[in-house]
Structures are given as structure tokens and as C-alpha cells.
Amino acid sequence: MQLAWKEIRHSKGRYALIMAVIILVGYLSFFLTALSYGLAQANRTSVDAWDASRILLSDDANGNLVSSSVTKGEESAILGSSADSEDSAASGDKAIEPVSVLQAVTKIKKAGKASGEGFNTVLLGVRSSSTLVPELVSGRAADNDKEAVASESLSTKDGVQLGQHVSVGRAGYTYTIVGFTRTAEYNTEPVIYVRNGTFTLPSAYASMTSASEASSNGQQQSGQSASAADSDQTVVASGLVVRDASKKISLPDGMVSLDIDAFINNIPGYQAQVLTFSLMIGFLVGVSALVVGIFIYILTMHKRHLFGVLKAQGYSNAFISRSILAQTLILSVLGTLIGLLLALLTIAVMPVTVPITVSPYWFAIISGVLVMFSLIGAAFSARAVSSIDAIEALS
């Protein structure tokens, strides 16, 4: 170790160049990892907050909650009663909870009118006092159908404030924001939690007419009657979230059960994003390891005469090899730490609109891989040194 330090201090320029390569590679690896992890989390934070084991969807939805629809008859068959969602909630059964989803543009209402360009959001319809809603960071829970709680990202990114009225979608569903939850996003869009049944599901348009359309047109959809609206074919949710992994459920025809990991992988774009960034980071680390290994090897071969002198003085191959590995360990650790620090500083000044998240777990893995691959490259150099003949090197 002492020899390694002395040589680094003596040839500062050479080793500074190698460390610069490690710093830049580490910086880029950490930054891309944070960006990849942040983008992945932006797809799933609301789902992770459910703390559920699986979800029940219609079998023709291809695992996508937005494309799924659950009828009143299917829900009743699964819950084992004819009670609707609110009655089930009142009974205290939180093992199975309905959830509805609507992706729409939301605008802040001022003076009774929606204003501004609007921002993309996801409405999640849940039961009253649902356990699917993350913990509140400010405000209070919704008390009625006209109130909602939203992800705190709507406050930081889009300027939504407590007490403001928002208009959602073309149907103009209006809610008052009474609370903010910790960041909750679905498919990269911030979530607004409302009571289930306060908006019409797009998948239900073929079989039912929204209340707002019925009041404005004074007409009902062809073949739709008041009795049909209360029938078992009425769509009441997009899916049913199962929190209790041990709960036995008899699925009716037309429905499937997906575990949460499989459901998250079916979120549109999620798997493609994760795979793309994973391959980018993997190739980056692999190529950087090769580059650092080549640098170490070339530098080692340039010091053949030095190693020849050491061998002539009686130093063993093991001692010289340990010196090379110690030298590489110092350079790789310092370079990785500096790259990590620069990445953290960059992340700290990034705007809140950028989906970037620090993951200590993945940062530790990237750090370990960079150091390990650098040492593997140094090991080849150490092996080449062991074959150097002292007399030949000095000649």
C-alpha cells in the first residue's frame, strides 16, 4: 500500500487521467441510475402504497387497469354478498377494495371557470376511508363526493393548493382539494384520490351514460334504462385490490388474478423503460471496466523497468501484484466516491419536473461493480508482471 501511494504521488499526471475516467464513468452511471429509478418509481408509487398482494381485473384487459372493468355482479360474487362498495367498507372488510381509474387533464377552477392549460393526472376512485390512499402530509381526508386528496407532486410541480377547486376531464368533474398525500403517481402522472363512483369509467361508456351527460342532454344511451343502471352489468370499478395474500377468492368467469409485480410490469411503458435503462447502464459499466482495465494494463507495461529493478532487489511477484491491486483500489474507490458526490450535487439542483430519485441500494451496487471490475482489470496487469524477467527488463 505504501509503494502504491508513493507511486501515485510521484506520477500525479498519469494517475489523475485514470481517475478522471473513473470519475466520469461513475458520475454518468449514478446519474442514469437515479434517472432510471425515478422514472420507474413515477410509474408505480401509487401502486406500492396499496401494500397489496394481487389485483383482480377483467380477463380482456391484458393486465392493464385502465382497460379493465368490473361489474356489480362480478364484485358481488367476489365479495360474497350483493352489497355495494360503500356497504362493504362499512362492514369493516378491507381485504378486498375496489379501485377505479381515469386518466384525464385537470385544470384549476378560478371564479367558477376552469383556467390554464391544464396538467395530466390520474383519478383513482376508492372507498371512503380507503387504506389504498397513502398517508397525508398536509390537510385532511375527503369527507364527501365533492372532495379529493392529491399527490403532493401536484403542489410542487403544478401549483395546486389546499382549498382550490379543480375540473377534471371533458365531463368537468369538479372536486375541492382538501389534502395532499406523499408523492403518489401512476404511469408517470400524479394521482388525485376521490370516492369511487363520482366519475364515469371510459370502459363503461358503451353500457351506461354519465350523470353529467344525462343531465345536459336529457337523453339516455340507446337501450339504456333506469333498471339497467342498477343491474348486475353496471360497471362499478376498474379492478379489485386484494390486500390479504392468504384470502381465498373464487373468481367468476371473465376475471383474472394478477400478483402486484406482474401488474406493475403491465403498466404501459414501464417494462420498456426499465429494460432500456438497465441495458444502457450495464453496457456503460462494462465498457468503462474495459477502458479502465486497458489504462491500468498499459500503465503497468510502461513500468516494466521499474518492476525489473524491484525483482532484482528481491521483491516477490506477490508483493508487486499486491502493489498494483492496492493502487487500482485507491484510484477506483476515490474516483467512484467523487463521481457519486458530483452526481448527488447534480441531482440536488435538478428541477422537480425531472423524475429522478436516489436509490442507496442501486448506488451501492453500482459502486461495488465499478470497483470490482477495475480490480479485475488490474488482476490481468498483475498476472502480466509476474512473467517479467528481471534481467530482460533491465537490458
# chains A, B, ... in the order shown; residues from 1 in each chain; ligands from 1
>>> residues_around(residues="A:Leu56", least_positions_apart="4", cutoff="7 Å", atoms="only C-alpha atoms", output="PyMOL selection string")
chain A and resi 239-241+255-258
>>> residues_around(residues="A:Val235", least_positions_apart="6", cutoff="7 Å", atoms="only C-alpha atoms", output="MDAnalysis selection string")
chainID A and resid 69:72 204
>>> residues_around(residues="A:Thr346", least_positions_apart="5", cutoff="12 Å", atoms="only C-alpha atoms", output="list in words")
Tyr27, Leu28, Phe30, Phe31, Leu32, Ala34, Leu35, Gly339, Leu340, Leu341, Pro351, Val354, Ile356, Thr357 and Val358 of chain A
>>> closest_residue(among="A:Gly80, A:Gly139, A:Pro134, A:Gly159", to="A:Thr181", atoms="only C-alpha atoms")
A:Pro134
>>> select_by_dssp(residues="stretch 91-308 of chain A", states="strand (DSSP E or B)", output="ChimeraX atom specification")
/A:96-110,113-126,136-139,147-151,165-168,173-181,185-186,189-195,235-237,239-242,255-259
>>> residues_around(residues="A:Ala378", least_positions_apart="2", cutoff="12 Å", atoms="only C-alpha atoms", output="JSON, numbers by chain")
{"A": [289, 290, 291, 292, 293, 294, 295, 296, 297, 298, 299, 300, 301, 320, 321, 322, 323, 324, 325, 326, 327, 328, 329, 330, 331, 332, 371, 372, 373, 374, 375, 376, 380, 381, 382, 383, 384, 385]}
>>> write_last_selection(atoms="N, CA and C atoms", output="short mmCIF file (atom, residue, chain, number, x, y, z; two decimals), in the first residue's frame")
data_model
loop_
_atom_site.label_atom_id
_atom_site.label_comp_id
_atom_site.auth_asym_id
_atom_site.auth_seq_id
_atom_site.Cartn_x
_atom_site.Cartn_y
_atom_site.Cartn_z
N ALA A 289 -15.33 -0.57 -17.51
CA ALA A 289 -14.41 -1.52 -16.87
C ALA A 289 -13.30 -1.93 -17.84
N LEU A 290 -13.71 -2.13 -19.10
CA LEU A 290 -12.72 -2.49 -20.12
C LEU A 290 -11.72 -1.35 -20.34
N VAL A 291 -12.23 -0.12 -20.40
CA VAL A 291 -11.36 1.04 -20.62
C VAL A 291 -10.39 1.21 -19.46
N VAL A 292 -10.90 1.14 -18.22
CA VAL A 292 -10.03 1.29 -17.06
C VAL A 292 -9.00 0.16 -17.01
N GLY A 293 -9.44 -1.05 -17.33
CA GLY A 293 -8.51 -2.18 -17.35
C GLY A 293 -7.39 -1.99 -18.36
N ILE A 294 -7.74 -1.45 -19.54
CA ILE A 294 -6.72 -1.19 -20.57
C ILE A 294 -5.75 -0.12 -20.10
N PHE A 295 -6.29 0.95 -19.48
CA PHE A 295 -5.43 2.01 -18.95
C PHE A 295 -4.43 1.43 -17.94
N ILE A 296 -4.94 0.64 -17.01
CA ILE A 296 -4.07 0.06 -15.98
C ILE A 296 -3.02 -0.85 -16.61
N TYR A 297 -3.43 -1.63 -17.60
CA TYR A 297 -2.51 -2.57 -18.25
C TYR A 297 -1.40 -1.82 -18.98
N ILE A 298 -1.78 -0.78 -19.75
CA ILE A 298 -0.77 -0.02 -20.49
C ILE A 298 0.20 0.67 -19.53
N LEU A 299 -0.35 1.26 -18.47
CA LEU A 299 0.49 1.93 -17.49
C LEU A 299 1.45 0.94 -16.82
N THR A 300 0.95 -0.26 -16.57
CA THR A 300 1.78 -1.29 -15.94
C THR A 300 2.92 -1.72 -16.87
N MET A 301 2.59 -1.90 -18.15
CA MET A 301 3.62 -2.31 -19.11
C MET A 301 4.67 -1.24 -19.32
N ILE A 320 4.64 -7.27 -5.66
CA ILE A 320 4.38 -6.34 -6.77
C ILE A 320 2.91 -6.39 -7.19
N SER A 321 2.34 -7.59 -7.22
CA SER A 321 0.93 -7.74 -7.60
C SER A 321 0.03 -7.05 -6.59
N ARG A 322 0.36 -7.21 -5.30
CA ARG A 322 -0.44 -6.53 -4.27
C ARG A 322 -0.35 -5.02 -4.42
N SER A 323 0.82 -4.53 -4.81
CA SER A 323 1.00 -3.09 -5.01
C SER A 323 0.13 -2.59 -6.16
N ILE A 324 0.07 -3.34 -7.24
CA ILE A 324 -0.75 -2.95 -8.39
C ILE A 324 -2.24 -2.95 -8.01
N LEU A 325 -2.65 -4.00 -7.30
CA LEU A 325 -4.06 -4.08 -6.90
C LEU A 325 -4.41 -2.98 -5.90
N ALA A 326 -3.50 -2.67 -4.96
CA ALA A 326 -3.76 -1.61 -4.00
C ALA A 326 -3.86 -0.26 -4.69
N GLN A 327 -2.98 -0.06 -5.68
CA GLN A 327 -3.01 1.18 -6.45
C GLN A 327 -4.34 1.35 -7.18
N THR A 328 -4.80 0.28 -7.79
CA THR A 328 -6.07 0.31 -8.51
C THR A 328 -7.24 0.51 -7.55
N LEU A 329 -7.14 -0.13 -6.37
CA LEU A 329 -8.21 0.03 -5.37
C LEU A 329 -8.32 1.48 -4.93
N ILE A 330 -7.19 2.13 -4.69
CA ILE A 330 -7.20 3.53 -4.27
C ILE A 330 -7.83 4.40 -5.35
N LEU A 331 -7.38 4.20 -6.60
CA LEU A 331 -7.90 5.03 -7.70
C LEU A 331 -9.39 4.81 -7.92
N SER A 332 -9.82 3.54 -7.91
CA SER A 332 -11.23 3.24 -8.20
C SER A 332 -12.15 3.71 -7.09
N VAL A 371 -15.79 -0.73 -8.74
CA VAL A 371 -14.54 -1.07 -8.05
C VAL A 371 -14.10 -2.50 -8.38
N MET A 372 -15.06 -3.42 -8.40
CA MET A 372 -14.72 -4.82 -8.67
C MET A 372 -14.17 -5.00 -10.08
N PHE A 373 -14.81 -4.37 -11.08
CA PHE A 373 -14.34 -4.51 -12.45
C PHE A 373 -12.97 -3.86 -12.64
N SER A 374 -12.73 -2.76 -11.93
CA SER A 374 -11.41 -2.13 -12.00
C SER A 374 -10.34 -3.07 -11.45
N LEU A 375 -10.65 -3.75 -10.35
CA LEU A 375 -9.70 -4.69 -9.76
C LEU A 375 -9.49 -5.90 -10.67
N ILE A 376 -10.54 -6.31 -11.37
CA ILE A 376 -10.38 -7.44 -12.32
C ILE A 376 -9.42 -7.04 -13.43
N PHE A 380 -5.32 -8.68 -14.33
CA PHE A 380 -4.65 -9.12 -15.57
C PHE A 380 -3.28 -8.46 -15.69
N SER A 381 -3.20 -7.18 -15.27
CA SER A 381 -1.90 -6.49 -15.29
C SER A 381 -0.92 -7.16 -14.33
N ALA A 382 -1.40 -7.50 -13.14
CA ALA A 382 -0.55 -8.17 -12.15
C ALA A 382 -0.06 -9.51 -12.68
N ARG A 383 -0.91 -10.20 -13.40
CA ARG A 383 -0.51 -11.50 -13.96
C ARG A 383 0.58 -11.32 -15.01
N ALA A 384 0.47 -10.22 -15.81
CA ALA A 384 1.49 -9.96 -16.83
C ALA A 384 2.83 -9.62 -16.18
N VAL A 385 2.79 -8.92 -15.04
CA VAL A 385 4.01 -8.53 -14.34
C VAL A 385 4.76 -9.75 -13.83
#
>>> atom_distance(atom1="atom CA of A:Glu75", atom2="atom CA of A:Arg140")
29.3 Å
>>> residues_around(residues="A:Val122", least_positions_apart="2", cutoff="6 Å", atoms="only C-alpha atoms", output="VMD selection string")
chain A and resid 102 to 103 191
>>> residues_around(residues="stretch 141-143 of chain A", least_positions_apart="2", cutoff="9 Å", atoms="only C-alpha atoms", output="PyMOL selection string")
chain A and resi 128-129+136+139+145-149+176-180+193-195
